[in-house]
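*Asks:* Enclosed is the structure file start.txt (compact mmCIF, C-alpha atoms).
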# COMPACT_ATOMS: atom_id res chain seq x y z
CA MET A 1 24.18 -18.54 10.12
CA ASP A 2 21.20 -19.09 12.34
CA PHE A 3 18.90 -17.90 9.63
CA THR A 4 20.58 -20.24 7.14
CA ARG A 5 19.85 -23.00 9.59
CA SER A 6 16.27 -21.74 9.88
CA CYS A 7 15.90 -21.97 6.11
CA GLY A 8 17.01 -25.61 6.25
CA VAL A 9 14.34 -26.26 8.86
CA ALA A 10 11.78 -24.45 6.72
CA GLY A 11 12.67 -26.70 3.81
CA ALA A 12 12.25 -29.82 5.92
CA LEU A 13 8.82 -28.67 7.16
CA LEU A 14 7.70 -27.84 3.62
CA LEU A 15 8.80 -31.27 2.46
CA ALA A 16 6.80 -32.83 5.28
CA ALA A 17 3.75 -30.84 4.16
CA THR A 18 4.18 -31.94 0.56
CA LEU A 19 4.40 -35.57 1.56
CA ALA A 20 1.40 -35.33 3.85
CA SER A 21 -1.87 -36.55 2.38
CA PRO A 22 -5.33 -35.30 3.36
CA ALA A 23 -7.29 -37.25 5.94
CA SER A 24 -10.56 -36.80 4.08
CA ALA A 25 -11.31 -38.02 0.60
CA GLY A 26 -11.29 -35.70 -2.40
CA GLU A 27 -8.82 -33.34 -3.95
CA PRO A 28 -6.78 -31.34 -1.45
CA ARG A 29 -7.66 -27.68 -1.74
CA GLY A 30 -5.38 -24.80 -0.87
CA GLY A 31 -6.54 -21.51 0.64
CA GLY A 32 -10.07 -20.63 1.61
CA LYS A 33 -9.84 -19.35 5.18
CA LEU A 34 -11.47 -16.04 6.03
CA LEU A 35 -9.04 -13.14 6.39
CA LEU A 36 -7.19 -12.98 9.73
CA THR A 37 -8.70 -16.25 10.97
CA ASN A 38 -5.30 -17.97 10.86
CA GLY A 39 -4.13 -15.51 13.50
CA ILE A 40 -0.70 -13.96 13.28
CA SER A 41 2.57 -15.67 14.16
CA THR A 42 3.41 -15.67 17.84
CA ILE A 43 7.00 -15.00 18.84
CA GLU A 44 7.16 -18.74 19.61
CA GLY A 45 6.01 -19.73 16.11
CA SER A 46 2.50 -21.00 16.82
CA ALA A 47 -0.44 -19.23 15.16
CA GLY A 48 -2.22 -16.88 17.54
CA GLY A 49 -1.83 -13.37 18.83
CA GLY A 50 1.66 -11.96 19.06
CA LEU A 51 2.42 -13.29 22.53
CA THR A 52 0.03 -16.17 23.02
CA PRO A 53 -1.11 -19.12 20.89
CA TRP A 54 -4.75 -19.37 19.82
CA ALA A 55 -6.88 -22.41 19.01
CA VAL A 56 -6.59 -21.63 15.30
CA ILE A 57 -4.45 -23.47 12.77
CA ALA A 58 -1.69 -21.72 10.79
CA GLY A 59 -2.03 -21.08 7.07
CA ASN A 60 -4.91 -20.29 4.75
CA ALA A 61 -6.19 -23.82 4.15
CA THR A 62 -9.49 -25.16 5.48
CA LYS A 63 -10.26 -28.70 6.59
CA ASP A 64 -9.79 -29.70 2.95
CA GLY A 65 -6.16 -28.70 2.58
CA VAL A 66 -2.70 -27.92 3.90
CA GLY A 67 -1.39 -24.38 4.29
CA VAL A 68 1.71 -22.60 5.54
CA GLN A 69 2.54 -19.32 7.14
CA SER A 70 5.79 -17.63 7.96
CA GLY A 71 6.56 -14.47 9.82
CA ILE A 72 9.39 -12.22 10.79
CA THR A 73 9.02 -10.29 14.02
CA VAL A 74 11.25 -7.56 15.36
CA ALA A 75 10.95 -5.73 18.64
CA ALA A 76 12.99 -2.78 19.81
CA LEU A 77 12.85 -2.45 23.61
CA ARG A 78 14.44 0.16 25.82
CA SER A 79 17.61 -1.86 26.38
CA TYR A 80 17.29 -4.83 24.06
CA ASP A 81 16.44 -5.93 20.57
CA PHE A 82 14.50 -9.06 19.75
CA ARG A 83 13.72 -10.81 16.53
CA SER A 84 12.14 -14.10 15.60
CA LEU A 85 11.66 -15.96 12.37
CA ASP A 86 8.98 -18.61 12.17
CA LEU A 87 7.42 -21.12 9.87
CA ALA A 88 4.26 -23.09 10.52
CA ILE A 89 2.31 -25.68 8.58
CA GLY A 90 -1.40 -26.10 9.14
CA ALA A 91 -3.02 -29.30 7.95
CA TRP A 92 -6.77 -29.81 7.48
CA ASP A 93 -7.53 -27.06 9.96
CA ARG A 94 -6.63 -29.64 12.56
CA ILE A 95 -2.88 -30.00 13.07
CA GLU A 96 -0.16 -27.38 13.18
CA LEU A 97 3.60 -27.92 13.19
CA SER A 98 5.80 -24.91 13.76
CA TYR A 99 9.38 -23.80 14.13
CA ALA A 100 10.72 -20.51 15.36
CA HIS A 101 14.16 -19.14 15.90
CA GLN A 102 14.42 -16.36 18.47
CA ARG A 103 17.36 -14.03 18.90
CA PHE A 104 17.59 -11.71 21.86
CA ASP A 105 20.32 -9.06 21.58
CA THR A 106 21.50 -7.69 24.94
CA ASN A 107 23.15 -4.63 23.35
CA LYS A 108 25.04 -2.69 26.05
CA VAL A 109 23.48 -4.64 28.93
CA GLY A 110 25.55 -7.63 27.80
CA GLY A 111 28.71 -5.76 28.71
CA LYS A 112 27.28 -4.76 32.06
CA LEU A 113 26.44 -8.39 32.81
CA GLY A 114 29.93 -9.51 31.82
CA LEU A 115 28.70 -11.28 28.68
CA GLY A 116 30.20 -8.70 26.34
CA ASN A 117 28.36 -5.96 24.48
CA ASN A 118 25.78 -7.21 21.98
CA TYR A 119 25.78 -10.71 23.42
CA LYS A 120 22.89 -12.58 21.83
CA PHE A 121 20.74 -15.29 23.36
CA ASP A 122 19.42 -17.66 20.69
CA GLN A 123 16.70 -20.25 20.94
CA ASP A 124 14.96 -22.79 18.72
CA ILE A 125 11.31 -23.65 19.33
CA TRP A 126 9.51 -26.60 17.80
CA GLY A 127 5.75 -26.57 18.20
CA ALA A 128 2.81 -28.88 17.61
CA LYS A 129 -0.83 -28.01 18.06
CA LEU A 130 -4.01 -30.05 17.71
CA ARG A 131 -7.44 -28.47 17.42
CA LEU A 132 -9.65 -30.78 19.40
CA ALA A 133 -13.10 -29.31 18.85
CA GLY A 134 -15.15 -26.30 17.92
CA ASP A 135 -14.47 -23.49 15.50
CA ALA A 136 -13.34 -19.92 16.14
CA VAL A 137 -15.90 -18.48 13.71
CA TYR A 138 -18.61 -21.02 12.84
CA GLY A 139 -20.87 -23.33 14.76
CA PRO A 140 -22.68 -22.61 18.03
CA ALA A 141 -21.98 -19.06 19.20
CA LEU A 142 -20.82 -20.23 22.61
CA LEU A 143 -18.67 -23.17 21.48
CA PRO A 144 -15.10 -21.96 21.03
CA ALA A 145 -12.34 -23.62 19.10
CA VAL A 146 -10.33 -25.65 21.61
CA ALA A 147 -6.76 -26.75 21.02
CA VAL A 148 -3.87 -28.25 22.91
CA GLY A 149 -0.24 -27.79 22.02
CA ALA A 150 3.35 -28.26 23.03
CA GLN A 151 6.47 -26.22 22.37
CA TYR A 152 9.87 -27.84 22.72
CA LYS A 153 12.44 -25.11 23.32
CA LYS A 154 16.18 -25.38 23.20
CA SER A 155 18.43 -22.52 24.17
CA LEU A 156 21.56 -22.25 22.03
CA SER A 157 23.25 -20.32 24.83
CA GLY A 158 23.42 -23.26 27.24
CA ALA A 159 26.56 -22.36 29.19
CA ILE A 160 25.38 -18.81 29.80
CA VAL A 161 21.84 -19.71 30.92
CA HIS A 162 23.34 -22.20 33.38
CA ALA A 163 25.74 -19.51 34.62
CA ILE A 164 22.86 -17.14 35.41
CA GLY A 165 21.14 -19.82 37.44
CA ALA A 166 18.82 -21.68 35.11
CA ARG A 167 18.58 -25.40 35.79
CA HIS A 168 18.19 -26.49 32.16
CA SER A 169 18.87 -25.14 28.70
CA GLY A 170 15.86 -26.90 27.17
CA GLY A 171 12.27 -27.55 28.13
CA THR A 172 8.78 -28.21 26.89
CA ASP A 173 5.76 -25.97 27.39
CA VAL A 174 2.30 -27.52 27.24
CA TYR A 175 -0.77 -25.37 26.68
CA ALA A 176 -4.50 -25.44 26.07
CA SER A 177 -6.30 -22.62 24.26
CA ALA A 178 -9.92 -21.67 23.67
CA THR A 179 -10.67 -19.07 21.00
CA LYS A 180 -13.92 -17.58 19.73
CA LEU A 181 -14.90 -14.69 17.50
CA PHE A 182 -18.14 -13.36 18.96
CA LEU A 183 -19.52 -12.04 15.67
CA ALA A 184 -22.48 -10.30 17.26
CA ARG A 185 -19.94 -8.06 19.05
CA SER A 186 -17.08 -8.30 16.51
CA ILE A 187 -14.84 -9.37 19.37
CA LEU A 188 -12.42 -12.26 19.45
CA VAL A 189 -11.41 -13.68 22.81
CA ASP A 190 -8.66 -16.19 23.49
CA THR A 191 -7.77 -17.77 26.79
CA THR A 192 -4.73 -19.95 27.12
CA ALA A 193 -3.38 -21.91 30.06
CA ARG A 194 0.28 -22.87 29.87
CA LEU A 195 2.46 -25.20 31.90
CA THR A 196 6.04 -23.98 31.64
CA LYS A 197 9.44 -23.90 33.29
CA ALA A 198 10.79 -21.30 30.87
CA ASN A 199 12.47 -18.07 31.94
CA GLN A 200 11.64 -15.30 29.42
CA THR A 201 10.09 -17.88 27.04
CA GLY A 202 13.24 -20.00 27.51
CA LEU A 203 15.76 -17.45 26.25
CA LEU A 204 17.13 -17.40 29.81
CA GLY A 205 16.80 -21.16 30.26
CA PHE A 206 14.41 -23.24 32.33
CA GLY A 207 13.88 -23.29 36.08
CA GLY A 208 16.11 -21.48 38.53
CA ASP A 209 17.12 -21.01 42.14
CA ARG A 210 13.49 -20.33 43.03
CA GLY A 211 12.23 -23.64 41.70
CA GLY A 212 12.51 -26.07 38.85
CA GLY A 213 9.06 -27.58 38.35
CA TYR A 214 6.26 -26.62 36.04
CA THR A 215 4.29 -23.46 36.76
CA LEU A 216 0.79 -22.75 35.52
CA GLN A 217 0.50 -19.48 33.62
CA ALA A 218 -2.54 -17.68 32.16
CA GLU A 219 -2.59 -15.84 28.87
CA SER A 220 -5.31 -13.96 27.09
CA SER A 221 -5.95 -11.95 23.94
CA VAL A 222 -8.90 -9.76 23.11
CA ALA A 223 -9.30 -8.34 19.61
CA TRP A 224 -11.93 -6.02 18.20
CA GLN A 225 -12.54 -6.45 14.49
CA LEU A 226 -13.19 -3.04 12.91
CA SER A 227 -13.33 -4.17 9.31
CA ARG A 228 -12.80 -7.28 7.24
CA ARG A 229 -9.10 -6.46 7.15
CA PHE A 230 -8.36 -4.60 10.35
CA ALA A 231 -8.48 -5.35 14.06
CA ILE A 232 -7.04 -3.89 17.24
CA GLY A 233 -6.55 -5.61 20.54
CA ALA A 234 -4.63 -6.31 23.69
CA GLU A 235 -2.83 -9.27 25.20
CA TYR A 236 -1.66 -10.30 28.62
CA ARG A 237 0.62 -13.16 29.56
CA THR A 238 1.66 -14.14 33.07
CA LYS A 239 5.17 -15.49 33.52
CA PRO A 240 7.11 -17.46 36.10
CA ASP A 241 9.81 -15.68 38.11
CA ARG A 242 12.47 -18.26 38.92
CA LEU A 243 15.78 -16.39 38.71
CA SER A 244 16.51 -14.20 41.73
CA ILE A 245 19.23 -12.26 39.88
CA ALA A 246 16.90 -11.48 36.96
CA HIS A 247 13.36 -10.67 38.08
CA GLU A 248 10.79 -11.51 35.40
CA SER A 249 7.51 -9.64 34.78
CA ASP A 250 4.18 -10.45 33.17
CA TRP A 251 3.89 -9.30 29.56
CA ALA A 252 1.25 -7.10 27.97
CA ASP A 253 0.74 -5.47 24.61
CA LEU A 254 -1.65 -3.40 22.54
CA PHE A 255 -1.74 -4.32 18.87
CA ALA A 256 -3.19 -3.39 15.50
CA VAL A 257 -3.29 -5.92 12.69
CA LEU A 258 -3.98 -5.35 9.02
CA ALA A 259 -4.57 -7.99 6.38
CA ILE A 260 -2.82 -6.26 3.49
CA GLY A 261 -3.99 -9.05 1.23
CA ARG A 262 -4.93 -12.69 1.34
CA HIS A 263 -1.28 -13.63 1.73
CA LEU A 264 0.22 -10.79 3.73
CA THR A 265 -0.59 -9.55 7.23
CA ALA A 266 1.14 -6.75 9.10
CA THR A 267 1.06 -6.24 12.85
CA VAL A 268 2.29 -3.40 14.97
CA ALA A 269 2.24 -3.62 18.75
CA TYR A 270 3.30 -1.61 21.73
CA ALA A 271 4.63 -4.12 24.23
CA ASP A 272 5.41 -3.80 27.91
CA LEU A 273 7.67 -6.69 28.84
CA GLY A 274 8.60 -5.32 32.26
CA ALA A 275 11.90 -6.40 33.77
CA ILE A 276 14.22 -8.53 31.66
CA ALA A 277 17.68 -9.70 32.76
CA THR A 278 18.15 -7.04 35.47
CA GLU A 279 16.80 -4.16 33.36
CA LYS A 280 13.39 -2.76 34.26
CA GLY A 281 10.80 -1.02 32.09
CA GLN A 282 11.38 -2.91 28.87
CA ARG A 283 8.77 -1.30 26.67
CA GLY A 284 8.88 -0.85 22.94
CA LEU A 285 7.52 -1.41 19.51
CA LEU A 286 6.99 -4.80 17.95
CA LEU A 287 6.49 -5.24 14.22
CA GLN A 288 5.60 -8.35 12.30
CA LEU A 289 5.16 -9.20 8.67
CA GLN A 290 3.54 -12.53 8.00
CA GLY A 291 2.94 -14.36 4.78
CA SER A 292 0.39 -17.15 4.51
CA PHE A 293 -0.82 -19.59 1.89
CA MET B 294 -65.99 -6.17 -13.23
CA LEU B 295 -63.08 -5.08 -11.06
CA VAL B 296 -64.79 -6.49 -7.99
CA PHE B 297 -65.27 -9.76 -9.81
CA ALA B 298 -61.56 -9.88 -10.76
CA LEU B 299 -60.55 -9.25 -7.15
CA LEU B 300 -62.89 -11.95 -5.91
CA LEU B 301 -61.47 -14.35 -8.45
CA ALA B 302 -57.89 -13.52 -7.42
CA ALA B 303 -58.77 -14.08 -3.78
CA ALA B 304 -60.47 -17.36 -4.57
CA VAL B 305 -57.42 -18.78 -6.35
CA PRO B 306 -55.03 -19.98 -3.64
CA ALA B 307 -51.49 -18.59 -3.85
CA ALA B 308 -48.93 -20.97 -5.35
CA PRO B 309 -47.22 -23.08 -2.69
CA PRO B 310 -43.62 -21.91 -2.05
CA TYR B 311 -42.20 -25.00 -3.74
CA ALA B 312 -44.01 -24.19 -6.98
CA MET B 313 -43.84 -20.43 -7.41
CA PRO B 314 -44.39 -19.19 -10.95
CA GLY B 315 -41.15 -18.26 -12.68
CA GLU B 316 -39.05 -20.42 -10.35
CA ALA B 317 -37.71 -23.92 -10.74
CA ALA B 318 -40.00 -26.23 -8.77
CA VAL B 319 -38.58 -28.11 -5.81
CA ALA B 320 -39.93 -31.13 -3.96
CA PRO B 321 -42.95 -30.17 -1.83
CA TYR B 322 -42.21 -29.15 1.75
CA GLN B 323 -43.94 -27.36 4.58
CA ALA B 324 -42.99 -23.68 4.77
CA LYS B 325 -42.25 -22.35 8.23
CA ASP B 326 -40.08 -19.61 9.68
CA SER B 327 -38.01 -22.13 11.62
CA ASN B 328 -36.62 -23.31 8.27
CA ALA B 329 -34.55 -20.09 8.36
CA GLU B 330 -32.62 -21.73 11.22
CA ALA B 331 -31.91 -18.49 13.04
CA ARG B 332 -33.52 -16.40 15.71
CA PRO B 333 -34.66 -13.04 14.30
CA TYR B 334 -33.44 -9.74 15.74
CA THR B 335 -36.04 -7.71 17.56
CA GLY B 336 -36.26 -3.93 17.41
CA ASP B 337 -35.45 -1.95 14.28
CA PHE B 338 -31.70 -1.41 14.77
CA MET B 339 -30.75 -4.07 12.24
CA ALA B 340 -33.46 -3.18 9.74
CA ARG B 341 -32.31 0.45 9.76
CA ALA B 342 -28.65 -0.60 9.33
CA PHE B 343 -29.66 -2.56 6.22
CA HIS B 344 -31.82 0.29 4.88
CA GLY B 345 -35.05 -1.61 5.26
CA ARG B 346 -36.46 -4.26 2.96
CA ALA B 347 -35.24 -2.40 -0.13
CA GLY B 348 -31.67 -2.52 1.15
CA ILE B 349 -31.96 -6.17 2.15
CA ALA B 350 -33.30 -6.97 -1.34
CA ARG B 351 -30.31 -5.19 -2.89
CA VAL B 352 -27.89 -7.16 -0.69
CA ALA B 353 -29.55 -10.51 -1.44
CA GLY B 354 -29.77 -9.80 -5.18
CA ASP B 355 -26.18 -8.57 -5.31
CA LEU B 356 -24.97 -11.62 -3.39
CA VAL B 357 -26.71 -14.07 -5.74
CA ASP B 358 -25.38 -12.19 -8.79
CA ARG B 359 -21.84 -12.25 -7.39
CA ALA B 360 -22.04 -15.90 -6.33
CA TYR B 361 -23.31 -17.11 -9.71
CA ALA B 362 -20.61 -15.13 -11.56
CA ASP B 363 -17.81 -15.97 -9.12
CA PRO B 364 -14.74 -17.78 -10.46
CA VAL B 365 -14.42 -19.78 -7.21
CA ILE B 366 -17.99 -20.81 -6.38
CA GLY B 367 -19.91 -19.96 -9.56
CA GLU B 368 -19.59 -23.54 -10.76
CA ILE B 369 -21.68 -24.76 -7.81
CA PHE B 370 -24.69 -22.83 -9.15
CA LYS B 371 -24.18 -23.60 -12.83
CA GLY B 372 -27.49 -24.59 -14.39
CA HIS B 373 -29.41 -23.71 -11.20
CA ASP B 374 -32.38 -21.35 -11.17
CA LYS B 375 -31.43 -17.87 -9.96
CA VAL B 376 -34.92 -16.51 -9.27
CA ARG B 377 -35.80 -18.77 -6.37
CA PRO B 378 -32.59 -18.35 -4.31
CA THR B 379 -32.79 -14.58 -4.80
CA ARG B 380 -36.29 -14.60 -3.28
CA THR B 381 -35.64 -17.10 -0.48
CA LEU B 382 -32.32 -15.50 0.50
CA PHE B 383 -34.05 -12.13 0.67
CA GLU B 384 -36.78 -13.62 2.84
CA GLN B 385 -34.28 -15.35 5.11
CA PHE B 386 -32.15 -12.22 5.61
CA CYS B 387 -35.27 -10.07 6.02
CA TYR B 388 -36.71 -12.49 8.60
CA ILE B 389 -33.44 -12.70 10.59
CA ILE B 390 -32.86 -8.95 10.44
CA GLY B 391 -36.37 -8.46 11.81
CA ALA B 392 -37.62 -6.37 8.90
CA GLY B 393 -41.06 -8.00 8.95
CA CYS B 394 -40.81 -10.92 6.53
CA THR B 395 -41.73 -14.56 6.84
CA TYR B 396 -39.43 -17.22 5.42
CA SER B 397 -41.00 -19.58 2.93
CA GLY B 398 -37.89 -21.43 1.78
CA ARG B 399 -36.56 -24.84 2.67
CA ASP B 400 -34.36 -25.60 5.66
CA MET B 401 -30.57 -25.39 5.27
CA ILE B 402 -29.97 -29.11 4.84
CA ALA B 403 -32.59 -29.48 2.10
CA SER B 404 -31.59 -26.28 0.28
CA HIS B 405 -27.86 -27.16 0.19
CA LYS B 406 -28.18 -30.90 -0.37
CA ASP B 407 -26.05 -32.22 -3.22
CA LEU B 408 -24.41 -28.82 -3.87
CA GLY B 409 -21.13 -30.21 -2.51
CA VAL B 410 -20.33 -27.04 -0.59
CA GLN B 411 -16.86 -27.12 1.00
CA GLN B 412 -15.70 -24.91 3.86
CA ALA B 413 -13.71 -22.73 1.45
CA ASP B 414 -16.90 -22.22 -0.61
CA MET B 415 -18.87 -21.09 2.42
CA ASN B 416 -16.05 -18.70 3.36
CA ARG B 417 -16.10 -17.37 -0.19
CA LEU B 418 -19.85 -16.79 0.04
CA VAL B 419 -19.30 -14.93 3.32
CA GLU B 420 -16.76 -12.71 1.56
CA LEU B 421 -19.18 -12.00 -1.27
CA LEU B 422 -21.91 -11.21 1.26
CA GLN B 423 -19.49 -8.86 3.02
CA ARG B 424 -18.85 -7.10 -0.30
CA ALA B 425 -22.57 -6.83 -1.00
CA MET B 426 -23.18 -5.39 2.48
CA ARG B 427 -20.24 -3.02 2.13
CA ASP B 428 -21.62 -1.72 -1.17
CA GLU B 429 -24.98 -1.22 0.56
CA LYS B 430 -23.00 0.76 3.20
CA VAL B 431 -24.17 -1.45 6.03
CA PRO B 432 -22.02 -0.62 9.07
CA PHE B 433 -19.44 -3.34 9.79
CA ALA B 434 -20.82 -4.14 13.25
CA ALA B 435 -24.27 -4.78 11.75
CA GLN B 436 -22.70 -6.92 9.01
CA ASN B 437 -21.15 -9.12 11.68
CA ARG B 438 -24.45 -9.30 13.55
CA LEU B 439 -26.09 -10.84 10.51
CA LEU B 440 -23.11 -13.20 10.09
CA ALA B 441 -23.45 -14.13 13.76
CA ARG B 442 -26.89 -15.59 13.02
CA LEU B 443 -25.67 -17.35 9.86
CA ALA B 444 -22.46 -18.83 11.29
CA PRO B 445 -24.18 -21.57 13.35
CA MET B 446 -25.70 -22.98 10.09
CA ARG B 447 -22.30 -24.13 8.89
CA GLY B 448 -22.89 -27.78 9.80
CA HIS B 449 -26.01 -27.89 7.61
CA VAL B 450 -24.40 -26.15 4.64
CA VAL B 451 -20.91 -27.57 4.33
CA GLN B 452 -20.60 -31.21 3.28
CA LYS B 453 -19.03 -33.49 5.85
If you convert what's in this file into structure tokens, what do you get?
*Replies:*
Amino acid sequence: MDFTRSCGVAGALLLAATLASPASAGEPRGGGKLLLTNGISTIEGSAGGGLTPWAVIAGNATKDGVGVQSGITVAALRSYDFRSLDLAIGAWDRIELSYAHQRFDTNKVGGKLGLGNNYKFDQDIWGAKLRLAGDAVYGPALLPAVAVGAQYKKSLSGAIVHAIGARHSGGTDVYASATKLFLARSILVDTTARLTKANQTGLLGFGGDRGGGYTLQAESSVAWQLSRRFAIGAEYRTKPDRLSIAHESDWADLFAVLAIGRHLTATVAYADLGAIATEKGQRGLLLQLQGSF
Amino acid sequence: MLVFALLLAAAVPAAPPYAMPGEAAVAPYQAKDSNAEARPYTGDFMARAFHGRAGIARVAGDLVDRAYADPVIGEIFKGHDKVRPTRTLFEQFCYIIGAGCTYSGRDMIASHKDLGVQQADMNRLVELLQRAMRDEKVPFAAQNRLLARLAPMRGHVVQK
């Protein structure tokens, strides 16, 4: 049902892309980005690393066209299962609009928490990103691509997130990212600063008994490109900790990404998400398949 | 007789780089290394990775062949002379790699003027260069080091 709903959203975004017209003169041109330079799909739908958005625009199109990408991500943690489905449109290598649906399955912990076994937290995330300046690959070696973005998140488990102490079931994250591929070292670096009230990306609501205002969080990805198609890397993302009954940890992962072709990218990551909803040591494997045009 | 021939050859000035025999002539310009628009590597690490001037010549020749025959960007070069870009591209790569060449070609704005190169075309050329370097068995890190010196030229190559 949620995925049916997601497909409806996907259709609406595609329609928007079709109706959009290029800002510059000339025939719009699809495709043309270098492999992997659209990033992968984050679990929040924006193009980037797996956990953090980058200052790159989704899809394969360059400044002369409009592209799309879509990914499915699954993660199996010690106590929980997570999956997200996303769709993003990238226009003229400038603007990105994204949607993601996240589902967080509490498995047996749900029963322990009195929610019932296999209780699922669901969330919708709508994102917009604007690349302000620079380029992740081209131009001066020390001028990164710089982008700002926002993610409006709405928990579909409102009553429950209020019951566990969250102040709101919806909220908006605002972030700024700088991303550069240092070709001379084959290393890509992203740094992102995020203002957020979200508990566990918003799956556990927004704000809590330890505060309700925005917190400033730092995120970073480092990737080492080993071939045209293959890169490995690591990510780190700091998180707020606003619910005293459910301590929240920073997130980290190690990942490997393979461009199987121009339109298909596979990612495997080992993620350490720390404590989630009373359960510590939530480590596990994350897999993503992403298509892009 | 031989001495006379040598003297004669020395007395005839070499053709200016904008009017080399066997190449399409271009508007006169002043040749200088700074036209290559990149700082050359020092040391011989890069030259060895590219297998010296012979390897660089193979990469440049292969790249021009691939670009002219390419279904995506081949049209850009349709009707253009192939001899001159093969030579100037070799010189530019060789100069940047630090393999002991001087660059006698035009600067990047002049040499790409009116070609109508879009971003996707430049990316395609990068891919073809990557293939040429891969076939020459240039290690990937060295490939990216050459690209690192080419990437800043984007603004002079791609049409606004």
*Asks:* Which residue out of A:Ala277, A:Ala159, A:Val56, A:Ala145 has the minimum interatomic distance to A:Lys112 when only C-alpha atoms are used?
*Replies:*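 Counting only C-alpha atoms, the residue closest to A:Lys112 is A:Ala277.
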*Asks:* Counting all atoms listed in the file, which residues have an atom no more than 8 Å from (14.4, -14.6, 38.3) in the file's coordinates? Please list them as JSON, numbers by chain.
*Replies:* {"A": [199, 208, 209, 210, 241, 242, 243, 244, 245, 246, 247, 248]}
*Asks:* Export C-alpha atoms of the chosen residues as a PDB file, in the frame of the given file?
*Replies:*
ATOM      1  CA  ASN A 199      12.470 -18.070  31.940  1.00  0.00           C
ATOM      2  CA  GLY A 208      16.110 -21.480  38.530  1.00  0.00           C
ATOM      3  CA  ASP A 209      17.120 -21.010  42.140  1.00  0.00           C
ATOM      4  CA  ARG A 210      13.490 -20.330  43.030  1.00  0.00           C
ATOM      5  CA  ASP A 241       9.810 -15.680  38.110  1.00  0.00           C
ATOM      6  CA  ARG A 242      12.470 -18.260  38.920  1.00  0.00           C
ATOM      7  CA  LEU A 243      15.780 -16.390  38.710  1.00  0.00           C
ATOM      8  CA  SER A 244      16.510 -14.200  41.730  1.00  0.00           C
ATOM      9  CA  ILE A 245      19.230 -12.260  39.880  1.00  0.00           C
ATOM     10  CA  ALA A 246      16.900 -11.480  36.960  1.00  0.00           C
ATOM     11  CA  HIS A 247      13.360 -10.670  38.080  1.00  0.00           C
ATOM     12  CA  GLU A 248      10.790 -11.510  35.400  1.00  0.00           C
TER      13      GLU A 248
END
*Asks:* So that I can see what lies close to B:Gly372, please list as a list in words the residues with an atom at most 12 Å from it, counting all atoms listed in the file and leaving out residues fewer than 6 positions away in the same chain.
*Replies:*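 Here the answer would be Ala317, Tyr361 and Leu408 of chain B.
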*Asks:* So which residues touch B:Met415 within 10 Å, counting all atoms listed in the file, skipping near sequence neighbours fewer than 3 positions away, as a CSV table (one decimal) with C-alpha atoms, keeping the file's coordinate frame?
*Replies:*
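The resulting file, around_37.csv, is shown below:
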chain,number,residue,atom,x,y,z
A,32,GLY,CA,-10.1,-20.6,1.6
A,33,LYS,CA,-9.8,-19.4,5.2
A,34,LEU,CA,-11.5,-16.0,6.0
B,366,ILE,CA,-18.0,-20.8,-6.4
B,410,VAL,CA,-20.3,-27.0,-0.6
B,411,GLN,CA,-16.9,-27.1,1.0
B,412,GLN,CA,-15.7,-24.9,3.9
B,418,LEU,CA,-19.8,-16.8,0.0
B,419,VAL,CA,-19.3,-14.9,3.3
B,420,GLU,CA,-16.8,-12.7,1.6
B,421,LEU,CA,-19.2,-12.0,-1.3
B,444,ALA,CA,-22.5,-18.8,11.3
B,447,ARG,CA,-22.3,-24.1,8.9
B,450,VAL,CA,-24.4,-26.2,4.6
B,451,VAL,CA,-20.9,-27.6,4.3
*Asks:* Mind pulling up the distance from atom CA of A:Ala55 to atom CA of A:Leu203?
*Replies:*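 According to the coordinates, atom CA of A:Leu203 and atom CA of A:Ala55 are separated by 24.3 Å.
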*Asks:* For a quick check of your reading of the model, name the residues lying within 10 Å of the coordinate (-42.9, -11.2, 3.6), counting all atoms listed in the file, and write them as a PyMOL selection string.
*Replies:* chain B and resi 346+383-385+387-388+392-397
*Asks:* Pick from A:Ala218, A:Leu77, A:Leu285, A:Ala61: nearest to A:Val268, with only C-alpha atoms counted?
*Replies:* A:Leu285
*Asks:* Starting from chain A, keep only residues with some atom at most 8 Å from an atom of chain B, counting all atoms listed in the file, and report them as a PyMOL selection string.
*Replies:* chain A and resi 31-34+62-64+137-141+182-186+226-227
*Asks:* Which of these residues is nearest to A:Asp135, using only C-alpha atoms: A:Leu115, A:Ala47, A:Ala163, A:Ile57?
*Replies:*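 With only C-alpha atoms as the atom set, the closest residue is A:Ile57.
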*Asks:* How far is it from atom CA of A:Glu96 to atom CA of A:Asp250, in Å with one decimal?
*Replies:*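 So the answer is 26.6 Å.
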*Asks:* Rounded to one decimal in Å, what is the spacing between atom CA of A:Ala234 and atom CA of A:Gly71?
*Replies:*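 Atom CA of A:Ala234 sits 19.6 Å away from atom CA of A:Gly71.
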*Asks:* Please enclose the listed atoms of stretch 427-430 of chain B in an axis-aligned box, pad each side by 8 Å, and write out the centre and the three edge lengths in Å, rounded to one decimal, as JSON.
*Replies:*
{"center_x": -22.6, "center_y": -1.1, "center_z": 1.0, "size_x": 20.7, "size_y": 19.8, "size_z": 20.4}
*Asks:* From the list A:Gly205, A:Arg283, A:Ser155, A:Arg229, which residue is nearest A:Arg262 when using all atoms listed in the file?
*Replies:*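 For A:Arg262, the nearest of the given residues is A:Arg229.
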*Asks:* Just want the 9 Å neighbourhood of B:Glu316, counted on all atoms listed in the file, with same-chain residues fewer than 6 positions away dropped. Output as a count of residues only.
*Replies:* 4
*Asks:* I want to know what sits within 6 Å of A:Ala136, based on only C-alpha atoms, with residues of the same chain fewer than 2 positions away left out; could you give that as a PyMOL selection string?
*Replies:* chain A and resi 144-145+179-181
